[in-house]
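A.B. asks: Handing over input01.cif, mmCIF, C-alpha atoms and all ligand atoms.
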data_run
loop_
_atom_site.label_atom_id
_atom_site.label_comp_id
_atom_site.auth_asym_id
_atom_site.auth_seq_id
_atom_site.Cartn_x
_atom_site.Cartn_y
_atom_site.Cartn_z
CA MET A 70 16.62 8.03 -5.65
CA ALA A 71 16.51 7.95 -1.82
CA PHE A 72 15.30 10.22 0.92
CA LYS A 73 15.94 9.66 4.57
CA MET A 74 13.32 8.26 6.93
CA GLN A 75 12.33 11.11 9.18
CA THR A 76 9.34 9.68 11.02
CA GLU A 77 9.44 7.37 14.01
CA HIS A 78 11.15 4.05 13.36
CA ASN A 79 8.79 1.94 15.50
CA ILE A 80 6.25 1.28 12.74
CA ALA A 81 8.33 -1.82 11.97
CA THR A 82 7.81 -3.22 15.47
CA GLU A 83 4.12 -2.22 15.37
CA PHE A 84 3.70 -4.40 12.27
CA ASP A 85 5.86 -7.20 13.68
CA LYS A 86 3.08 -7.53 16.31
CA PHE A 87 0.21 -6.96 13.84
CA SER A 88 1.50 -9.81 11.64
CA VAL A 89 0.09 -12.55 13.90
CA ASN A 90 -3.55 -12.69 12.63
CA TYR A 91 -2.93 -10.22 9.86
CA THR A 92 -5.35 -11.24 7.07
CA THR A 93 -8.28 -11.95 9.44
CA ASP A 94 -7.68 -8.61 11.14
CA MET A 95 -7.50 -6.75 7.82
CA ILE A 96 -10.73 -8.32 6.51
CA GLY A 97 -12.51 -7.38 9.74
CA CYS A 98 -10.94 -3.94 10.15
CA VAL A 99 -10.67 -2.58 6.59
CA PRO A 100 -13.95 -2.14 4.71
CA HIS A 101 -13.78 -3.59 1.16
CA TYR A 102 -10.31 -5.05 1.82
CA LEU A 103 -10.73 -8.01 -0.57
CA ASP A 104 -12.21 -5.86 -3.37
CA LEU A 105 -9.39 -3.36 -2.95
CA LEU A 106 -6.87 -6.21 -3.28
CA ALA A 107 -8.63 -7.44 -6.42
CA SER A 108 -8.39 -3.92 -7.91
CA PHE A 109 -4.64 -4.24 -8.47
CA THR A 110 -5.24 -6.51 -11.47
CA LYS A 111 -8.72 -5.36 -12.53
CA ASP A 112 -9.03 -4.06 -16.12
CA LEU A 113 -5.32 -3.75 -16.78
CA PRO A 114 -4.45 -2.96 -20.41
CA ARG A 115 -4.68 -6.18 -22.43
CA GLU A 116 -1.09 -5.98 -23.70
CA PHE A 117 0.35 -5.17 -20.24
CA PHE A 118 2.92 -7.69 -19.04
CA PRO A 119 5.10 -6.59 -16.09
CA TYR A 120 8.50 -8.33 -16.02
CA GLN A 121 9.55 -6.50 -12.87
CA ILE A 122 7.15 -5.79 -10.00
CA LEU A 123 7.85 -3.95 -6.74
CA ASP A 124 5.48 -4.36 -3.76
CA LEU A 125 5.94 -1.44 -1.36
CA GLY A 126 4.88 -2.31 2.18
CA CYS A 127 4.20 -5.93 1.24
CA GLY A 128 3.02 -6.91 4.73
CA ASN A 129 2.27 -10.64 4.74
CA GLY A 130 2.16 -10.66 0.93
CA ASN A 131 -1.56 -10.32 0.16
CA VAL A 132 -1.04 -7.86 -2.72
CA THR A 133 1.79 -9.90 -4.26
CA SER A 134 -0.35 -13.02 -3.92
CA GLU A 135 -3.16 -11.30 -5.85
CA VAL A 136 -0.86 -10.05 -8.64
CA LEU A 137 0.90 -13.43 -8.80
CA LYS A 138 -2.38 -15.06 -9.90
CA LEU A 139 -2.29 -13.03 -13.12
CA PHE A 140 1.49 -12.75 -13.55
CA PRO A 141 3.09 -15.95 -12.17
CA ASP A 142 6.22 -15.53 -14.32
CA SER A 143 7.12 -11.98 -13.31
CA ASN A 144 10.06 -11.03 -11.06
CA TYR A 145 8.90 -9.69 -7.72
CA THR A 146 10.64 -7.52 -5.16
CA LEU A 147 8.89 -7.27 -1.79
CA LEU A 148 9.85 -4.41 0.48
CA ASP A 149 8.74 -3.81 4.07
CA ALA A 150 10.16 -2.21 7.20
CA SER A 151 8.96 -5.10 9.35
CA ASP A 152 11.35 -8.08 9.69
CA GLU A 153 8.46 -10.28 10.74
CA MET A 154 6.35 -9.45 7.66
CA ILE A 155 9.34 -10.19 5.42
CA ARG A 156 9.90 -13.49 7.25
CA ILE A 157 6.23 -14.46 6.67
CA CYS A 158 6.51 -13.58 2.95
CA LYS A 159 9.69 -15.67 2.56
CA GLN A 160 7.81 -18.65 3.96
CA ARG A 161 4.62 -17.97 1.98
CA PHE A 162 6.40 -17.60 -1.38
CA GLN A 163 9.21 -20.10 -0.81
CA GLN A 164 8.55 -21.78 -4.15
CA TYR A 165 9.06 -18.48 -6.02
CA PRO A 166 12.39 -16.71 -6.64
CA MET A 167 11.37 -13.43 -4.97
CA THR A 168 13.72 -10.65 -3.89
CA TYR A 169 13.19 -9.29 -0.36
CA ILE A 170 14.20 -5.93 1.06
CA THR A 171 13.79 -4.93 4.70
CA SER A 172 13.75 -1.14 4.57
CA TYR A 173 11.69 1.96 5.10
CA PHE A 174 10.44 3.45 1.83
CA GLN A 175 12.18 6.64 2.81
CA ASP A 176 15.59 4.92 3.04
CA HIS A 177 15.21 2.82 -0.09
CA VAL A 178 17.23 3.71 -3.18
CA PHE A 179 14.81 3.44 -6.10
CA GLU A 180 16.68 2.34 -9.20
CA GLU A 181 15.59 4.37 -12.22
CA ASN A 182 13.79 2.76 -15.16
CA LEU A 183 13.62 -0.67 -13.50
CA ASN A 184 10.01 -1.59 -12.74
CA ASP A 185 7.03 -2.32 -14.97
CA MET A 186 4.64 -2.27 -12.04
CA VAL A 187 4.78 -0.83 -8.53
CA VAL A 188 2.04 -1.80 -6.07
CA ALA A 189 1.30 -0.56 -2.57
CA GLY A 190 -1.58 -1.88 -0.46
CA PHE A 191 -2.56 0.12 2.63
CA SER A 192 1.02 1.16 3.25
CA LEU A 193 1.38 4.73 1.96
CA HIS A 194 -1.00 6.17 4.56
CA HIS A 195 1.87 5.71 7.01
CA CYS A 196 3.75 8.48 5.20
CA HIS A 197 3.26 12.23 5.70
CA SER A 198 2.02 14.27 2.72
CA GLU A 199 5.54 15.47 1.84
CA GLU A 200 6.85 11.90 2.04
CA LYS A 201 4.06 10.73 -0.29
CA LYS A 202 4.97 13.45 -2.80
CA ARG A 203 8.63 12.41 -2.78
CA LEU A 204 7.67 8.75 -2.97
CA PHE A 205 5.40 9.34 -6.00
CA LYS A 206 8.35 10.99 -7.79
CA ALA A 207 10.71 8.15 -6.85
CA ILE A 208 8.12 5.58 -8.03
CA PHE A 209 7.60 7.46 -11.31
CA HIS A 210 11.35 7.48 -12.02
CA SER A 211 11.67 3.80 -11.07
CA LEU A 212 9.07 2.83 -13.68
CA LYS A 213 9.76 2.03 -17.31
CA ASN A 214 7.68 3.64 -20.04
CA ALA A 215 4.06 2.34 -19.89
CA GLY A 216 4.74 1.21 -16.32
CA ILE A 217 1.85 1.18 -13.85
CA PHE A 218 1.67 2.25 -10.22
CA GLY A 219 -1.38 0.96 -8.34
CA PHE A 220 -2.25 1.62 -4.71
CA SER A 221 -5.18 0.89 -2.44
CA ASP A 222 -5.71 2.87 0.71
CA LEU A 223 -7.90 5.00 2.92
CA MET A 224 -7.75 8.39 1.21
CA ILE A 225 -9.28 11.10 3.36
CA ASP A 226 -7.77 14.03 5.23
CA LYS A 227 -8.22 13.62 9.00
CA ASN A 228 -9.30 17.30 9.16
CA SER A 229 -11.97 17.04 6.47
CA PRO A 230 -15.63 17.65 7.47
CA GLU A 231 -16.47 14.13 6.22
CA HIS A 232 -13.96 12.48 8.57
CA PRO A 233 -16.25 12.08 11.64
CA GLU A 234 -18.89 10.30 9.51
CA LEU A 235 -16.21 8.01 8.06
CA ILE A 236 -15.11 7.07 11.59
CA LYS A 237 -18.72 6.36 12.58
CA GLU A 238 -19.28 4.02 9.62
CA TRP A 239 -15.85 2.43 10.07
CA LYS A 240 -16.66 1.71 13.72
CA SER A 241 -19.94 -0.05 12.92
CA PHE A 242 -18.09 -2.10 10.26
CA VAL A 243 -15.38 -3.22 12.72
CA PHE A 244 -17.95 -4.03 15.44
CA LYS A 245 -19.64 -6.56 13.10
CA SER A 246 -16.49 -8.73 13.21
CA PHE A 247 -15.18 -7.74 16.65
CA PRO A 248 -18.21 -6.88 18.84
CA ASP A 249 -16.38 -6.54 22.17
CA GLY A 250 -14.81 -3.20 21.16
CA GLU A 251 -11.26 -4.20 22.02
CA LYS A 252 -10.17 -4.36 18.37
CA TRP A 253 -11.77 -0.99 17.61
CA ASN A 254 -9.91 0.62 20.53
CA TRP A 255 -6.62 -0.88 19.38
CA LEU A 256 -7.33 0.24 15.79
CA MET A 257 -8.05 3.82 16.84
CA ASP A 258 -4.81 3.94 18.88
CA HIS A 259 -2.93 2.69 15.81
CA TYR A 260 -4.79 5.18 13.58
CA ARG A 261 -3.90 8.07 15.90
CA ASP A 262 -0.24 7.13 16.22
CA TYR A 263 0.71 5.77 12.79
CA ASP A 264 -1.81 6.70 10.09
CA LYS A 265 -1.60 9.87 8.00
CA PRO A 266 -4.16 9.45 5.23
CA ASP A 267 -4.46 12.15 2.60
CA ASP A 268 -7.42 13.16 0.47
CA TYR A 269 -7.56 11.26 -2.83
CA LYS A 270 -7.89 14.48 -4.85
CA ASN A 271 -4.62 15.80 -3.41
CA GLN A 272 -2.90 12.51 -4.08
CA ILE A 273 -4.11 12.55 -7.70
CA THR A 274 -2.65 16.08 -8.06
CA TRP A 275 0.68 14.92 -6.58
CA LEU A 276 0.76 11.97 -9.00
CA TYR A 277 0.37 14.33 -11.98
CA GLU A 278 3.03 16.61 -10.47
CA ALA A 279 5.34 13.59 -10.17
CA GLY A 280 5.04 13.08 -13.95
CA PHE A 281 2.27 10.51 -14.37
CA ASN A 282 -0.02 11.45 -17.25
CA ASP A 283 -2.85 8.98 -16.81
CA VAL A 284 -4.34 8.69 -13.33
CA LYS A 285 -7.58 6.77 -12.70
CA ILE A 286 -9.70 5.73 -9.78
CA VAL A 287 -10.22 2.01 -10.37
CA MET A 288 -12.42 1.46 -7.32
CA ARG A 289 -13.98 3.77 -4.78
CA GLN A 290 -16.23 2.98 -1.83
CA ASP A 291 -16.47 6.11 0.32
CA TYR A 292 -12.81 6.92 1.01
CA TRP A 293 -11.56 3.35 0.50
CA ILE A 294 -9.99 3.75 -2.88
CA HIS A 295 -7.72 2.15 -5.48
CA ILE A 296 -5.81 4.51 -7.78
CA ARG A 297 -3.87 3.50 -10.88
CA ALA A 298 -1.29 5.85 -12.42
CA THR A 299 0.45 5.12 -15.72
CA LYS A 300 3.77 6.51 -16.94
CA GLN A 301 3.72 7.44 -20.63
CA THR A 302 6.82 9.43 -21.55
C1 LIG B 1 -1.41 -2.29 6.65
S1 LIG B 1 0.02 -3.17 6.12
C2 LIG B 1 -0.37 -3.55 4.41
C3 LIG B 1 0.22 -4.84 3.95
C4 LIG B 1 -0.21 -5.34 2.57
N1 LIG B 1 0.34 -4.49 1.54
C5 LIG B 1 -1.70 -5.41 2.44
O1 LIG B 1 -2.26 -4.79 1.51
O2 LIG B 1 -2.35 -6.10 3.23
C6 LIG B 1 1.22 -1.90 5.93
C7 LIG B 1 2.62 -2.48 5.74
O3 LIG B 1 3.45 -1.40 5.32
C8 LIG B 1 4.65 -1.43 6.07
N2 LIG B 1 5.11 -0.05 6.18
C9 LIG B 1 4.45 1.01 6.71
N3 LIG B 1 5.16 2.14 6.60
C10 LIG B 1 6.31 1.77 5.99
C11 LIG B 1 7.46 2.49 5.59
N4 LIG B 1 7.57 3.80 5.80
N5 LIG B 1 8.45 1.82 4.98
C12 LIG B 1 8.35 0.47 4.75
N6 LIG B 1 7.29 -0.26 5.11
C13 LIG B 1 6.28 0.38 5.72
C14 LIG B 1 4.29 -2.04 7.42
O4 LIG B 1 5.40 -2.63 8.06
C15 LIG B 1 3.21 -3.04 7.02
O5 LIG B 1 3.74 -4.32 6.80
#
When written as structure tokens, how does the structure in this file appear?
C.D. replies:
Amino acid sequence: MAFKMQTEHNIATEFDKFSVNYTTDMIGCVPHYLDLLASFTKDLPREFFPYQILDLGCGNGNVTSEVLKLFPDSNYTLLDASDEMIRICKQRFQQYPMTYITSYFQDHVFEENLNDMVVAGFSLHHCHSEEKKRLFKAIFHSLKNAGIFGFSDLMIDKNSPEHPELIKEWKSFVFKSFPDGEKWNWLMDHYRDYDKPDDYKNQITWLYEAGFNDVKIVMRQDYWIHIRATKQT
């Protein structure tokens, strides 16, 4: 299942640049980043063993690295639009037989009934609402029965009345690590140009509409959220 990338193609080059101090920047710029990474494997069903795992928007591989701790023998496919992020992952996981795909989600052909687990860390907020809806359907169809889709992200609508307060708290968080304000200014430029977060309640509705029948919030701190959706056909 594929749908064509319609948004600007320069997100790949944006993340080529962002890759340089990526993990330090994420810890200092994304509240609860490490807890949201840990949520991918928190309280999974005891009998769950994913043979095939797809990491959508793998970045420098922090989500895969987290899942790898619990499932070192699984087969991983890492997908990202950024050549540089894929290059970093190839180096980071050189001792593992990973599969790498450089592609936009929107151009990727999702093979049906292939994956046991699909993960996406802080990558889906780069998609518009309609792209998210189509992606949730493609992910659902790519999963086997009892397959799990987990994603961590900022999940608030930019037009919501709570958004200004979120920005205020986010700013004071970022200033603790980067007090000169330069990082915050860069982050807000990036947020304006590339980020399209959606409210978590809407995303939960879209997941049910895509066919998932068990959707849970695994972790929530304000609008920094991890959602887990299970396919039971
Ligand atoms: C903020 S990083 C997250 C990386 C990693 N998953 C993590 O949790 O730290 C977002 C990643 O998603 C990728 N990305 C964003 N939009 C994308 C799209 N439409 N198709 C493919 N990759 C995309 C970017 O290139 C970037 O590497």
A.B. asks: Rounded to one decimal in Å, what is the spacing between CA of Tyr169 (chain A) and CA of Ile155 (chain A)?
C.D. replies: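 CA of Tyr169 (chain A) sits 7.0 Å away from CA of Ile155 (chain A).
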A.B. asks: Compute the distance from (-1.1, -15.0, -7.2) to each atom, counting only C-alpha atoms, keep the residues with any atom at most 12 Å away, and return them as a list of chain:residue names; use the coordinates of the file.
C.D. replies: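 Here is the list of nearby residues: A:Leu106, A:Ala107, A:Phe109, A:Thr110, A:Gly130, A:Asn131, A:Val132, A:Thr133, A:Ser134, A:Glu135, A:Val136, A:Leu137, A:Lys138, A:Leu139, A:Phe140, A:Pro141, A:Asp142, A:Ser143, A:Tyr145, A:Arg161, A:Phe162, A:Tyr165.
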A.B. asks: Could you please extract the residues within 6 Å of ligand LIG 1 (chain B), counting all atoms listed in the file, and hand them back as an NGL selection string?
C.D. replies: :A and (81 or 84 or 126-128 or 131-132 or 149-151 or 154 or 172-174 or 189-192 or 195)
A.B. asks: May I have a table of the residues of region 96-164 of chain A lying at most 8 Å from region 175-187 of chain A, giving each one's closest pair of atoms and their distance in Å to one decimal, counting only C-alpha atoms, ordered by chain and ascending residue number, as JSON lines?
C.D. replies:
{"residue": "A:Phe118", "atom": "CA", "partner": "A:Asp185", "partner_atom": "CA", "distance": 7.9}
{"residue": "A:Pro119", "atom": "CA", "partner": "A:Asp185", "partner_atom": "CA", "distance": 4.8}
{"residue": "A:Tyr120", "atom": "CA", "partner": "A:Asp185", "partner_atom": "CA", "distance": 6.3}
{"residue": "A:Gln121", "atom": "CA", "partner": "A:Asn184", "partner_atom": "CA", "distance": 4.9}
{"residue": "A:Ile122", "atom": "CA", "partner": "A:Met186", "partner_atom": "CA", "distance": 4.8}
{"residue": "A:Leu123", "atom": "CA", "partner": "A:Val187", "partner_atom": "CA", "distance": 4.7}
{"residue": "A:Asp124", "atom": "CA", "partner": "A:Val187", "partner_atom": "CA", "distance": 6.0}
{"residue": "A:Leu125", "atom": "CA", "partner": "A:Val187", "partner_atom": "CA", "distance": 7.3}
A.B. asks: Report, in Å to a single decimal, how far apart CA of Tyr260 (chain A) and CA of Glu278 (chain A) are.
C.D. replies: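 Separating CA of Glu278 (chain A) from CA of Tyr260 (chain A) is a distance of 27.8 Å.
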A.B. asks: Under the rule that all atoms listed in the file are counted, which of A:Trp239, A:Phe247, A:Phe281, A:Trp255 is the nearest residue to His101 (chain A)?
C.D. replies: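 Checking each candidate against His101 (chain A), we get A:Trp239 as the closest.
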A.B. asks: Of the candidates A:Ile236, A:Leu113, A:Ile294, A:Leu276, which one gets nearest to Arg203 (chain A) if we count only C-alpha atoms?
C.D. replies: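 So, comparing all the options, the nearest one is A:Leu276.
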A.B. asks: In terms of the shortest atom-to-atom distance over only C-alpha atoms, which of A:His295, A:Ser198, A:Thr302, A:Glu116 is closest to Leu103 (chain A)?
C.D. replies: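 Selected residue with least distance to Leu103 (chain A): A:His295.
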A.B. asks: One decimal, in Å: what's the spacing between CA of Pro114 (chain A) and CA of Pro100 (chain A)?
C.D. replies: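 Answer for the CA of Pro114 (chain A) to CA of Pro100 (chain A) separation: 26.9 Å.
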A.B. asks: With all atoms listed in the file as the atoms that count, which of A:Tyr263, A:Asn228, A:Ile296, A:Phe117 lies nearest to Thr82 (chain A)?
C.D. replies: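 For Thr82 (chain A), the nearest of the candidates is A:Tyr263.
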A.B. asks: Taking all atoms listed in the file into account, name the residue in A:Val188, A:Leu212, A:Leu105, A:Ile225 that is nearest to Asp264 (chain A).
C.D. replies: A:Ile225
A.B. asks: What lies within 10 Å of Asp268 (chain A) using all atoms listed in the file, ignoring chain neighbours under 5 positions off, as a list in words?
C.D. replies: Ser198, Leu223, Met224, Ile225, Asp226, Lys227, Asn228, Ser229, Ile273 and Tyr292 of chain A
A.B. asks: For a quick check of understanding, using all atoms listed in the file, which of A:Ile157, A:Met95, A:Leu204, A:Cys196 has the smallest distance to Ile80 (chain A)?
C.D. replies: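 Under the stated criterion, the closest residue is A:Cys196.
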A.B. asks: Scan for residues within 12 Å of the point (-6.8, -6.8, 11.0) in the coordinates of the file, using all atoms listed in the file, and reply as a PyMOL selection string.
C.D. replies: chain A and resi 84+86-100+102+128-129+191+243+246-247+252-253+255-256+259
A.B. asks: Take the residues from that selection and put them in a file with C-alpha atoms, as a JSON list (two decimals), in the coordinates of the input.
C.D. replies:
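selection-v2.json, written as the output of this step:
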[["chain", "number", "residue", "atom", "x", "y", "z"],
["A", 84, "PHE", "CA", 3.70, -4.40, 12.27],
["A", 86, "LYS", "CA", 3.08, -7.53, 16.31],
["A", 87, "PHE", "CA", 0.21, -6.96, 13.84],
["A", 88, "SER", "CA", 1.50, -9.81, 11.64],
["A", 89, "VAL", "CA", 0.09, -12.55, 13.90],
["A", 90, "ASN", "CA", -3.55, -12.69, 12.63],
["A", 91, "TYR", "CA", -2.93, -10.22, 9.86],
["A", 92, "THR", "CA", -5.35, -11.24, 7.07],
["A", 93, "THR", "CA", -8.28, -11.95, 9.44],
["A", 94, "ASP", "CA", -7.68, -8.61, 11.14],
["A", 95, "MET", "CA", -7.50, -6.75, 7.82],
["A", 96, "ILE", "CA", -10.73, -8.32, 6.51],
["A", 97, "GLY", "CA", -12.51, -7.38, 9.74],
["A", 98, "CYS", "CA", -10.94, -3.94, 10.15],
["A", 99, "VAL", "CA", -10.67, -2.58, 6.59],
["A", 100, "PRO", "CA", -13.95, -2.14, 4.71],
["A", 102, "TYR", "CA", -10.31, -5.05, 1.82],
["A", 128, "GLY", "CA", 3.02, -6.91, 4.73],
["A", 129, "ASN", "CA", 2.27, -10.64, 4.74],
["A", 191, "PHE", "CA", -2.56, 0.12, 2.63],
["A", 243, "VAL", "CA", -15.38, -3.22, 12.72],
["A", 246, "SER", "CA", -16.49, -8.73, 13.21],
["A", 247, "PHE", "CA", -15.18, -7.74, 16.65],
["A", 252, "LYS", "CA", -10.17, -4.36, 18.37],
["A", 253, "TRP", "CA", -11.77, -0.99, 17.61],
["A", 255, "TRP", "CA", -6.62, -0.88, 19.38],
["A", 256, "LEU", "CA", -7.33, 0.24, 15.79],
["A", 259, "HIS", "CA", -2.93, 2.69, 15.81]]
A.B. asks: Taking all atoms of region 197-204 of chain A that the file lists, what box with edges along x, y and z, padded by 5 Å per side, do you get, with centre and edge lengths in Å to one decimal, as JSON?
C.D. replies:
{"center_x": 5.3, "center_y": 12.1, "center_z": 1.4, "size_x": 16.6, "size_y": 16.7, "size_z": 18.7}
A.B. asks: Could you please fill out region 115-140 of chain A with N, CA and C atoms and send it back as a PDB file, keeping the file's coordinate frame?
C.D. replies:
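The resulting out15.pdb:
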ATOM      1  N   ARG A 115      -4.789  -4.792 -21.984  1.00  0.00           N
ATOM      2  CA  ARG A 115      -4.680  -6.180 -22.430  1.00  0.00           C
ATOM      3  C   ARG A 115      -3.227  -6.592 -22.737  1.00  0.00           C
ATOM      4  N   GLU A 116      -2.473  -5.651 -23.288  1.00  0.00           N
ATOM      5  CA  GLU A 116      -1.090  -5.980 -23.700  1.00  0.00           C
ATOM      6  C   GLU A 116      -0.079  -5.834 -22.555  1.00  0.00           C
ATOM      7  N   PHE A 117      -0.559  -5.455 -21.354  1.00  0.00           N
ATOM      8  CA  PHE A 117       0.350  -5.170 -20.240  1.00  0.00           C
ATOM      9  C   PHE A 117       0.931  -6.467 -19.674  1.00  0.00           C
ATOM     10  N   PHE A 118       2.267  -6.571 -19.719  1.00  0.00           N
ATOM     11  CA  PHE A 118       2.920  -7.690 -19.040  1.00  0.00           C
ATOM     12  C   PHE A 118       4.114  -7.149 -18.232  1.00  0.00           C
ATOM     13  N   PRO A 119       4.010  -7.137 -16.908  1.00  0.00           N
ATOM     14  CA  PRO A 119       5.100  -6.590 -16.090  1.00  0.00           C
ATOM     15  C   PRO A 119       6.174  -7.645 -15.796  1.00  0.00           C
ATOM     16  N   TYR A 120       7.386  -7.411 -16.312  1.00  0.00           N
ATOM     17  CA  TYR A 120       8.500  -8.330 -16.020  1.00  0.00           C
ATOM     18  C   TYR A 120       8.971  -8.116 -14.584  1.00  0.00           C
ATOM     19  N   GLN A 121       8.974  -6.847 -14.161  1.00  0.00           N
ATOM     20  CA  GLN A 121       9.550  -6.500 -12.870  1.00  0.00           C
ATOM     21  C   GLN A 121       8.486  -5.794 -12.022  1.00  0.00           C
ATOM     22  N   ILE A 122       8.201  -6.343 -10.859  1.00  0.00           N
ATOM     23  CA  ILE A 122       7.150  -5.790 -10.000  1.00  0.00           C
ATOM     24  C   ILE A 122       7.720  -5.502  -8.613  1.00  0.00           C
ATOM     25  N   LEU A 123       7.410  -4.328  -8.089  1.00  0.00           N
ATOM     26  CA  LEU A 123       7.850  -3.950  -6.740  1.00  0.00           C
ATOM     27  C   LEU A 123       6.620  -3.770  -5.853  1.00  0.00           C
ATOM     28  N   ASP A 124       6.591  -4.482  -4.724  1.00  0.00           N
ATOM     29  CA  ASP A 124       5.480  -4.360  -3.760  1.00  0.00           C
ATOM     30  C   ASP A 124       5.987  -3.564  -2.560  1.00  0.00           C
ATOM     31  N   LEU A 125       5.485  -2.339  -2.429  1.00  0.00           N
ATOM     32  CA  LEU A 125       5.940  -1.440  -1.360  1.00  0.00           C
ATOM     33  C   LEU A 125       5.061  -1.618  -0.114  1.00  0.00           C
ATOM     34  N   GLY A 126       5.656  -2.050   0.966  1.00  0.00           N
ATOM     35  CA  GLY A 126       4.880  -2.310   2.180  1.00  0.00           C
ATOM     36  C   GLY A 126       4.103  -3.600   1.989  1.00  0.00           C
ATOM     37  N   CYS A 127       4.829  -4.662   1.644  1.00  0.00           N
ATOM     38  CA  CYS A 127       4.200  -5.930   1.240  1.00  0.00           C
ATOM     39  C   CYS A 127       3.392  -6.570   2.366  1.00  0.00           C
ATOM     40  N   GLY A 128       3.698  -6.239   3.633  1.00  0.00           N
ATOM     41  CA  GLY A 128       3.020  -6.910   4.730  1.00  0.00           C
ATOM     42  C   GLY A 128       3.214  -8.414   4.626  1.00  0.00           C
ATOM     43  N   ASN A 129       2.144  -9.180   4.813  1.00  0.00           N
ATOM     44  CA  ASN A 129       2.270 -10.640   4.740  1.00  0.00           C
ATOM     45  C   ASN A 129       2.139 -11.167   3.309  1.00  0.00           C
ATOM     46  N   GLY A 130       2.100 -10.244   2.332  1.00  0.00           N
ATOM     47  CA  GLY A 130       2.160 -10.660   0.930  1.00  0.00           C
ATOM     48  C   GLY A 130       0.822 -10.753   0.222  1.00  0.00           C
ATOM     49  N   ASN A 131      -0.239 -10.170   0.784  1.00  0.00           N
ATOM     50  CA  ASN A 131      -1.560 -10.320   0.160  1.00  0.00           C
ATOM     51  C   ASN A 131      -1.656  -9.653  -1.215  1.00  0.00           C
ATOM     52  N   VAL A 132      -0.978  -8.529  -1.410  1.00  0.00           N
ATOM     53  CA  VAL A 132      -1.040  -7.860  -2.720  1.00  0.00           C
ATOM     54  C   VAL A 132      -0.241  -8.680  -3.736  1.00  0.00           C
ATOM     55  N   THR A 133       0.976  -9.070  -3.349  1.00  0.00           N
ATOM     56  CA  THR A 133       1.790  -9.900  -4.260  1.00  0.00           C
ATOM     57  C   THR A 133       1.033 -11.170  -4.634  1.00  0.00           C
ATOM     58  N   SER A 134       0.384 -11.790  -3.659  1.00  0.00           N
ATOM     59  CA  SER A 134      -0.350 -13.020  -3.920  1.00  0.00           C
ATOM     60  C   SER A 134      -1.445 -12.792  -4.970  1.00  0.00           C
ATOM     61  N   GLU A 135      -2.096 -11.645  -4.894  1.00  0.00           N
ATOM     62  CA  GLU A 135      -3.160 -11.300  -5.850  1.00  0.00           C
ATOM     63  C   GLU A 135      -2.568 -11.097  -7.255  1.00  0.00           C
ATOM     64  N   VAL A 136      -1.459 -10.362  -7.335  1.00  0.00           N
ATOM     65  CA  VAL A 136      -0.860 -10.050  -8.640  1.00  0.00           C
ATOM     66  C   VAL A 136      -0.236 -11.321  -9.248  1.00  0.00           C
ATOM     67  N   LEU A 137       0.278 -12.171  -8.383  1.00  0.00           N
ATOM     68  CA  LEU A 137       0.900 -13.430  -8.800  1.00  0.00           C
ATOM     69  C   LEU A 137      -0.079 -14.333  -9.566  1.00  0.00           C
ATOM     70  N   LYS A 138      -1.374 -14.226  -9.217  1.00  0.00           N
ATOM     71  CA  LYS A 138      -2.380 -15.060  -9.900  1.00  0.00           C
ATOM     72  C   LYS A 138      -2.398 -14.734 -11.395  1.00  0.00           C
ATOM     73  N   LEU A 139      -2.236 -13.450 -11.722  1.00  0.00           N
ATOM     74  CA  LEU A 139      -2.290 -13.030 -13.120  1.00  0.00           C
ATOM     75  C   LEU A 139      -0.910 -13.083 -13.774  1.00  0.00           C
ATOM     76  N   PHE A 140       0.135 -12.818 -12.986  1.00  0.00           N
ATOM     77  CA  PHE A 140       1.490 -12.750 -13.550  1.00  0.00           C
ATOM     78  C   PHE A 140       2.437 -13.689 -12.769  1.00  0.00           C
TER      79      PHE A 140
END
